[in-house]
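To start, the structure itself, in structure tokens.
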Amino acid sequence: MSEITITIDGREIKTEEGELILNAARANDIFIPAICYLTRCSPTLACRICLVEADGKQVYACNSKSKDGMQITTSTETIEAERRAIMEVYDVNHPLECGVCDQSGECELQNYTLEVGIDAQSYAIKDTFKPVQNWGLINYDPALCIMCERCTTVCKDMIGDGALSTKPRNGDTIDETFKESMPKDAYAMWNKLNKSLIQPNAGDTLDCTDCGECTAVCPVGALVSSDFQYTSNAWELSQVPATCSHCSAGCQIQYDVKHATIDNPEPKIYRVKNEWNYVSLCGAGRYGYDFENRVEAKDEAAFANAIEAFEKADTITFDSQITNEEALILQKLKESRGYRLINDEARKFAEFMKAYSAISGTATYKTPLKAVNGANFVISVGSSIKTDNPNARFAMNNAMIMNKGAALYFHPVADPVVDDMGKNILSVNHAPMQEEAVMYLILDLFSKKEALPADVAEYLTSFHSMKTITVTETIKEKVVEIVKEMKVNEETGEEEEVEVEKSKMVPKKVDKDVEVDENRLLEIVNAPKTFETAMEKMLAKKDRFALMVGPDFYSHPNAANLARLVALVEKYTDFSVTMIPEKGNTLGVAMICDLDTEAGSSTIGYNVKGDFTLSATGNGDLDMPAMNQQEGTLTSIQLRVNPTNAALGYKGYELNDIANALGLNAKLTVDYTVKLGEIDGFKSENFDDLPNHYTNKGEEMRGYELTVNEVVTSGDESVAPFDEAAAMDEAMVYRGNPTLQFNDFTNKSHQLNETAALYVSSDYAIANELSEGDTVLVETTKGSMEFNVKIDSKIGGDIPFVPSFDSNLNSEALFNDYRFSNATIKKV
């Protein structure tokens, strides 16, 4: 888009052509009131308070695009009369319970009532009884709801759950005389407010992935965390900016902290908040915050034992839930004392990036996740996306909704959450070990054939006719329903209830597997269209392409070949490539540490089991601080080094204390932040100089961007052909976690704690005559393990999940490197 000049209240500003007036104003610190609008989401025109005058015509700033030379006035006598009437209407029958409301002190209704100067009430109507509803992690008080529709909008446009909608309030009709006596927009807004309430689409229960983003965006106290409700006033809480460490998204969060009780002055985290205009949180980030490791004092005996163990050890094995600074400490201990460093998950990712770089010419992938939000055609491969990195799913959904985009989702495990993201996403549940065939398919469909290496182009010619991809046959049936919605009458500007036909594609599984080539693929997945016809429709007017690659690829037996195929797709198609690191700081660890393949005879474990174990969960030989008790940095999927701060104190020993006893020298762990500049891609920045916020323009001012360094390529772009015989077609299990769980830390949090189980779909349970709570024995070539059965509505198909969030299970022992394993499952 081209840069243009517009004038707001006599001030010339620069913006992009087509940018919404409201966003252009906010980016330049010009205030226009708005209650219903969310950045990154569709305008709803619910509040209408963002009225402005553009080139002499009254328009809504949240829904009107900037044009070069446009003259905008944010306040006129007519506009101020509308805004006052709108705020008076919002205050009609709103409960006078500000003293106990959880939103009091940060309530937008309070703020705008004061901003507009409401000191009298001109309107009234009989109220209706609206009982409070508990939806599990969320509490909804419809009496406080002002029908801004932020919750329904963010759930649909950003998260992709679409779990909320409006329903009739069944209140009295507004007196007709108000139509003539009050401003037009205020009357239309009141009509909508008086007629509607929010409801879960599943009936009385909220059927979603429990991200809680609806509570974050709610401007009043209607939607709140059930756990937080009535525990604190907003103004009593201190804000600690931090970075979520549960997955590689590295979301900006804010810990809200105050003393635990009147009798206990120790600080306690009461909730987590986020800058919802610019970043969305999953439920793990929002509710999984109290995983601290509280110790009363330094255990000198345990520390002495630790030093003795380090003196004897030849290996340090560790998890990627550590800061960059801790990773650098481990690397320096390796360099100074010769330890082997074992972290198989980060090593596999480092090796994958190295194989990729041999063709791509860059040391890491080049495109941050935020580029997916700007794409209009997205492909996800090698990732159970809703649980590996929820923000990757949010980005894919946002691209489809806001950019009128489309998406392809390739994964062996059927995912009803992904399927329900809309009619413009096509899920292909191929067999495990066919990931290379998927990459060849993408090359075949999207590459510039004449530019491809000759041997690759020749192979694609034969590949085109091969029966290569095994999928579970699915027919998507079109379900049509008639619903009533409130729509704006363009002529009158009033809200009217109209009947709307809504349809969605519902997957219907057919109990058989079939082998197809790509010409038959869509005929199988979305009968009766041909693949070419559907692709032509999906690709119409698409010009921004994004490929997301996930952790299934990094542990694949042919990971190096997959990495080279990914690089070829990036080089010879229009797709950008974003890789999804498996854990919170996998990318940072992979870049900082020189990782080994085999452990020695004596090991130190850091958050994993060793001969001597350092543990941030309190289950080891020497306690360590958890991530919410540390300062440091984390490297995210966005290719950024983000700072995180300690929300709670820690009275025990840290890794830096051990390092100092072993010959290193640093007063604080964050003294290593500036030393990260010794590592390619990082910068020499002092920790205290790192910012952690967003600007009004939405610019991410958090830490700094990694430098993507160029590397020398050999010129060899050869790739191995796909082995058709490699596909796994027997009963199997998948190493993956349920929604809201990532690791021991999420599971330790009081709102998320659960007993790990074998997670199965309802279809699988029925087919295998299993019930919730049954005990089963899972056997693979690597070993066996007993689990209780948990039926998970967020999983589809016939591949159960074996979780890894509880390290006490050691469930990884059932698998080779690959996340899928053939298995027999027997009821005990």
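Just remember, in the structure tokens the first chain shown is A, the second B, etc., residues are 1-based per chain, and ligands are 1-based in the order shown.
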
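Within 9 Å of range 73-81 of chain A there are Thr7, Ile8, Asp9, Gly10, Phe31, Ile32, Ile49, Cys50, Leu51, Val52, Glu53, Ala54, Asp55, Gly56, Gln58, Arg84, Ala85, Ile86, Val116 and Pro183 of chain A, counting only C-alpha atoms and ignoring same-chain residues fewer than 3 positions away.
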
*Just the residues within 10 Å of range 715-731 of chain A, please, counting only C-alpha atoms, with nothing from its chain fewer than 4 positions along; format it as a PyMOL selection string.*
chain A and resi 358-361+430-440+452-456+459-460+463+466-470+513+558+560-565+567-568+798-800+820-825

*Taking the chain letters and numbering used in this document, name the residues of range 370-426 of chain A that DSSP puts in strand (DSSP E), as an NGL selection string.*
:A and (377-381 or 406-410 or 425-426)

*asked:* Need the shell around Arg347 in chain A: protein/DNA/RNA residues with any atom at most 10 Å away, counting only C-alpha atoms. Skip same-chain ones fewer than 4 positions apart. Format as a list in words?
replied: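 Selected residues are Leu341, Ile342, Asn343, Glu351, Phe352, Met353, Tyr554, Ser555, Thr586, Leu587, Val589, Ala590, Met591, Cys593, Asp594, Leu595, Asp596 and Thr597 of chain A.
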
Those same residues, written as an mmCIF file, in the first residue's frame with N, CA and C atoms?
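Just written: result-v9.cif:
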data_model
loop_
_atom_site.group_PDB
_atom_site.id
_atom_site.type_symbol
_atom_site.label_atom_id
_atom_site.label_comp_id
_atom_site.auth_asym_id
_atom_site.auth_seq_id
_atom_site.Cartn_x
_atom_site.Cartn_y
_atom_site.Cartn_z
ATOM 1 N N LEU A 341 26.845 -31.492 26.657
ATOM 2 C CA LEU A 341 25.525 -30.889 26.841
ATOM 3 C C LEU A 341 24.504 -31.700 26.056
ATOM 4 N N ILE A 342 23.491 -32.217 26.752
ATOM 5 C CA ILE A 342 22.484 -33.069 26.120
ATOM 6 C C ILE A 342 21.114 -32.403 26.202
ATOM 7 N N ASN A 343 20.593 -32.087 25.062
ATOM 8 C CA ASN A 343 19.203 -31.618 24.934
ATOM 9 C C ASN A 343 18.756 -32.066 23.544
ATOM 10 N N GLU A 351 19.955 -29.164 14.132
ATOM 11 C CA GLU A 351 20.359 -29.942 12.961
ATOM 12 C C GLU A 351 19.419 -29.722 11.788
ATOM 13 N N PHE A 352 18.131 -29.567 12.086
ATOM 14 C CA PHE A 352 17.156 -29.292 11.024
ATOM 15 C C PHE A 352 17.461 -27.940 10.374
ATOM 16 N N MET A 353 17.717 -26.924 11.201
ATOM 17 C CA MET A 353 18.035 -25.600 10.642
ATOM 18 C C MET A 353 19.342 -25.638 9.857
ATOM 19 N N TYR A 554 11.187 -32.118 12.822
ATOM 20 C CA TYR A 554 12.533 -32.064 13.388
ATOM 21 C C TYR A 554 12.976 -33.421 13.933
ATOM 22 N N SER A 555 12.006 -34.222 14.408
ATOM 23 C CA SER A 555 12.338 -35.534 14.958
ATOM 24 C C SER A 555 12.064 -36.664 13.965
ATOM 25 N N THR A 586 13.493 -23.234 22.739
ATOM 26 C CA THR A 586 14.226 -24.154 21.859
ATOM 27 C C THR A 586 15.126 -23.406 20.896
ATOM 28 N N LEU A 587 14.633 -22.343 20.294
ATOM 29 C CA LEU A 587 15.435 -21.595 19.312
ATOM 30 C C LEU A 587 16.671 -21.001 19.974
ATOM 31 N N VAL A 589 18.241 -21.975 22.770
ATOM 32 C CA VAL A 589 19.170 -23.041 23.156
ATOM 33 C C VAL A 589 19.887 -23.594 21.934
ATOM 34 N N ALA A 590 19.141 -23.798 20.840
ATOM 35 C CA ALA A 590 19.741 -24.355 19.619
ATOM 36 C C ALA A 590 20.813 -23.433 19.050
ATOM 37 N N MET A 591 20.647 -22.126 19.212
ATOM 38 C CA MET A 591 21.628 -21.180 18.689
ATOM 39 C C MET A 591 22.824 -20.999 19.616
ATOM 40 N N CYS A 593 23.930 -23.157 22.360
ATOM 41 C CA CYS A 593 24.659 -24.317 22.890
ATOM 42 C C CYS A 593 25.173 -25.249 21.796
ATOM 43 N N ASP A 594 26.367 -25.732 21.991
ATOM 44 C CA ASP A 594 26.949 -26.782 21.155
ATOM 45 C C ASP A 594 26.538 -28.111 21.775
ATOM 46 N N LEU A 595 25.517 -28.744 21.227
ATOM 47 C CA LEU A 595 24.868 -29.883 21.859
ATOM 48 C C LEU A 595 25.445 -31.211 21.382
ATOM 49 N N ASP A 596 25.532 -32.137 22.288
ATOM 50 C CA ASP A 596 26.109 -33.444 22.003
ATOM 51 C C ASP A 596 25.022 -34.487 21.776
ATOM 52 N N THR A 597 25.425 -35.614 21.182
ATOM 53 C CA THR A 597 24.465 -36.673 20.861
ATOM 54 C C THR A 597 24.385 -37.744 21.923
#

_If you run DSSP on the backbone here, which positions in range 162-295 of chain A get alpha helix (DSSP H)? Please write them as an MDAnalysis selection string._
chainID A and resid 177:181 184:195 213:217 283:287

Might you pull out every residue within 6 Å of range 386-397 of chain A, with only C-alpha atoms counted and same-chain residues fewer than 4 positions away left off, and present them as a PDB file with C-alpha atoms, in the first residue's frame?
ATOM      1  CA  MET A 158      -8.512 -13.992  16.159  1.00  0.00           C
ATOM      2  CA  ILE A 159      -8.776 -17.227  18.130  1.00  0.00           C
ATOM      3  CA  GLY A 160     -10.815 -19.263  15.651  1.00  0.00           C
ATOM      4  CA  VAL A 372       1.422 -15.315   8.804  1.00  0.00           C
ATOM      5  CA  ASN A 373      -1.131 -12.784  10.066  1.00  0.00           C
ATOM      6  CA  THR A 739      -5.092 -28.210  25.136  1.00  0.00           C
TER       7      THR A 739
END

*asked:* Under the rule that only C-alpha atoms are counted, which of A:Thr153, A:Ser232, A:Thr209, A:Ser66 is the nearest residue to Leu281 in chain A?
replied: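 Of all the options, A:Thr209 lies closest to Leu281 in chain A.
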
*asked:* Just checking: using only C-alpha atoms, which residue out of A:Cys107, A:Ala284, A:Val154, A:Ala46 ends up closest to His750 in chain A?
replied: A:Ala284

*What's the 10 Å shell around Gly285 in chain A, counting only C-alpha atoms, without same-chain residues fewer than 5 positions away, as a VMD selection string?*
chain A and resid 211 to 212 243 to 247 250 to 253 272 to 274 280 740 to 741 746

Residue subset to file, keeping N, CA and C atoms, as a PDB file, in the first residue's frame:
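Wrote out.pdb, looks like this:
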ATOM      1  N   CYS A 211      -9.024 -20.226  26.000  1.00  0.00           N
ATOM      2  CA  CYS A 211      -7.934 -19.241  25.967  1.00  0.00           C
ATOM      3  C   CYS A 211      -8.197 -18.074  26.912  1.00  0.00           C
ATOM      4  N   GLY A 212      -9.479 -17.782  27.194  1.00  0.00           N
ATOM      5  CA  GLY A 212      -9.811 -16.676  28.078  1.00  0.00           C
ATOM      6  C   GLY A 212      -9.649 -15.301  27.462  1.00  0.00           C
ATOM      7  N   THR A 243       7.545 -12.312  29.813  1.00  0.00           N
ATOM      8  CA  THR A 243       7.348 -13.075  28.579  1.00  0.00           C
ATOM      9  C   THR A 243       6.909 -14.480  28.961  1.00  0.00           C
ATOM     10  N   CYS A 244       5.844 -14.950  28.345  1.00  0.00           N
ATOM     11  CA  CYS A 244       5.376 -16.307  28.621  1.00  0.00           C
ATOM     12  C   CYS A 244       6.393 -17.311  28.072  1.00  0.00           C
ATOM     13  N   SER A 245       6.712 -18.310  28.884  1.00  0.00           N
ATOM     14  CA  SER A 245       7.750 -19.282  28.501  1.00  0.00           C
ATOM     15  C   SER A 245       7.187 -20.650  28.160  1.00  0.00           C
ATOM     16  N   HIS A 246       5.863 -20.820  28.183  1.00  0.00           N
ATOM     17  CA  HIS A 246       5.299 -22.162  28.013  1.00  0.00           C
ATOM     18  C   HIS A 246       5.522 -22.724  26.608  1.00  0.00           C
ATOM     19  N   CYS A 247       5.383 -21.893  25.587  1.00  0.00           N
ATOM     20  CA  CYS A 247       5.669 -22.344  24.224  1.00  0.00           C
ATOM     21  C   CYS A 247       6.551 -21.323  23.538  1.00  0.00           C
ATOM     22  N   GLY A 250       6.420 -16.859  22.821  1.00  0.00           N
ATOM     23  CA  GLY A 250       7.045 -15.762  23.559  1.00  0.00           C
ATOM     24  C   GLY A 250       6.126 -14.581  23.743  1.00  0.00           C
ATOM     25  N   CYS A 251       4.874 -14.834  24.101  1.00  0.00           N
ATOM     26  CA  CYS A 251       3.875 -13.765  24.209  1.00  0.00           C
ATOM     27  C   CYS A 251       4.211 -12.801  25.340  1.00  0.00           C
ATOM     28  N   GLN A 252       3.961 -11.527  25.094  1.00  0.00           N
ATOM     29  CA  GLN A 252       4.122 -10.523  26.124  1.00  0.00           C
ATOM     30  C   GLN A 252       3.000 -10.677  27.140  1.00  0.00           C
ATOM     31  N   ILE A 253       3.356 -10.779  28.409  1.00  0.00           N
ATOM     32  CA  ILE A 253       2.361 -10.895  29.465  1.00  0.00           C
ATOM     33  C   ILE A 253       2.678  -9.903  30.576  1.00  0.00           C
ATOM     34  N   VAL A 272      -2.843 -13.064  35.108  1.00  0.00           N
ATOM     35  CA  VAL A 272      -1.982 -12.628  34.000  1.00  0.00           C
ATOM     36  C   VAL A 272      -2.832 -11.855  33.014  1.00  0.00           C
ATOM     37  N   LYS A 273      -2.302 -10.743  32.538  1.00  0.00           N
ATOM     38  CA  LYS A 273      -2.995  -9.946  31.526  1.00  0.00           C
ATOM     39  C   LYS A 273      -2.102  -9.839  30.291  1.00  0.00           C
ATOM     40  N   ASN A 274      -2.711  -9.372  29.199  1.00  0.00           N
ATOM     41  CA  ASN A 274      -1.951  -9.221  27.949  1.00  0.00           C
ATOM     42  C   ASN A 274      -2.389  -7.978  27.209  1.00  0.00           C
ATOM     43  N   SER A 280      -2.458 -12.136  21.470  1.00  0.00           N
ATOM     44  CA  SER A 280      -3.472 -12.947  22.133  1.00  0.00           C
ATOM     45  C   SER A 280      -2.799 -14.083  22.896  1.00  0.00           C
ATOM     46  N   LEU A 740      -4.066 -26.671  26.696  1.00  0.00           N
ATOM     47  CA  LEU A 740      -3.702 -25.991  27.949  1.00  0.00           C
ATOM     48  C   LEU A 740      -2.491 -26.592  28.652  1.00  0.00           C
ATOM     49  N   GLN A 741      -1.953 -27.712  28.158  1.00  0.00           N
ATOM     50  CA  GLN A 741      -0.798 -28.300  28.825  1.00  0.00           C
ATOM     51  C   GLN A 741       0.425 -28.281  27.909  1.00  0.00           C
ATOM     52  N   THR A 746       3.018 -25.825  33.542  1.00  0.00           N
ATOM     53  CA  THR A 746       1.578 -25.614  33.342  1.00  0.00           C
ATOM     54  C   THR A 746       0.787 -26.560  34.225  1.00  0.00           C
TER      55      THR A 746
END

_Counting only C-alpha atoms, the residue of A:Asn376, A:Thr633, A:Cys145, A:Met400 that sits nearest Asp543 in chain A_ =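 Ranking A:Asn376, A:Thr633, A:Cys145, A:Met400 by distance to Asp543 in chain A, first place goes to A:Asn376.
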
*In Å, how far is it from CA of Tyr694 in chain A to CA of Asn277 in chain A?*
9.4 Å

_One-decimal distance in Å that lies between CA of Ile198 in chain A and CA of Thr166 in chain A_ =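 We find that CA of Thr166 in chain A and CA of Ile198 in chain A lie 4.5 Å from each other.
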
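Closest approach to Lys334 in chain A among A:Leu664, A:Val549, A:Val789, A:Met579 is made by A:Leu664 (distances from only C-alpha atoms).
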
*Find the distance between CA of Glu308 in chain A and CA of Met627 in chain A and write it in Å to one decimal.*
25.6 Å

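When only C-alpha atoms are used to compute distances to Lys794 in chain A, the closest of the residues A:Asn628, A:Thr315, A:Ser762, A:Ser42 turns out to be A:Ser762.
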
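Distance check against Tyr339 in chain A using only C-alpha atoms: of A:Asp415, A:Glu3, A:Asp420, A:Glu598, the minimum falls on A:Glu598.
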
*Hey, what's within 9 Å of Ala24 in chain A if we count only C-alpha atoms and toss same-chain stuff fewer than 4 positions away? As an NGL selection string, please?*
:A and (13-16 or 19-20 or 28-30 or 66 or 697)

*Fewer than 5 positions away in the same chain doesn't count, so skip those; otherwise give me all residues within 6 Å of Val802 in chain A, counting only C-alpha atoms, as a list in words.*
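Contacts, with the query itself left out: Tyr734, Arg735, Gly736 and Leu758 of chain A.
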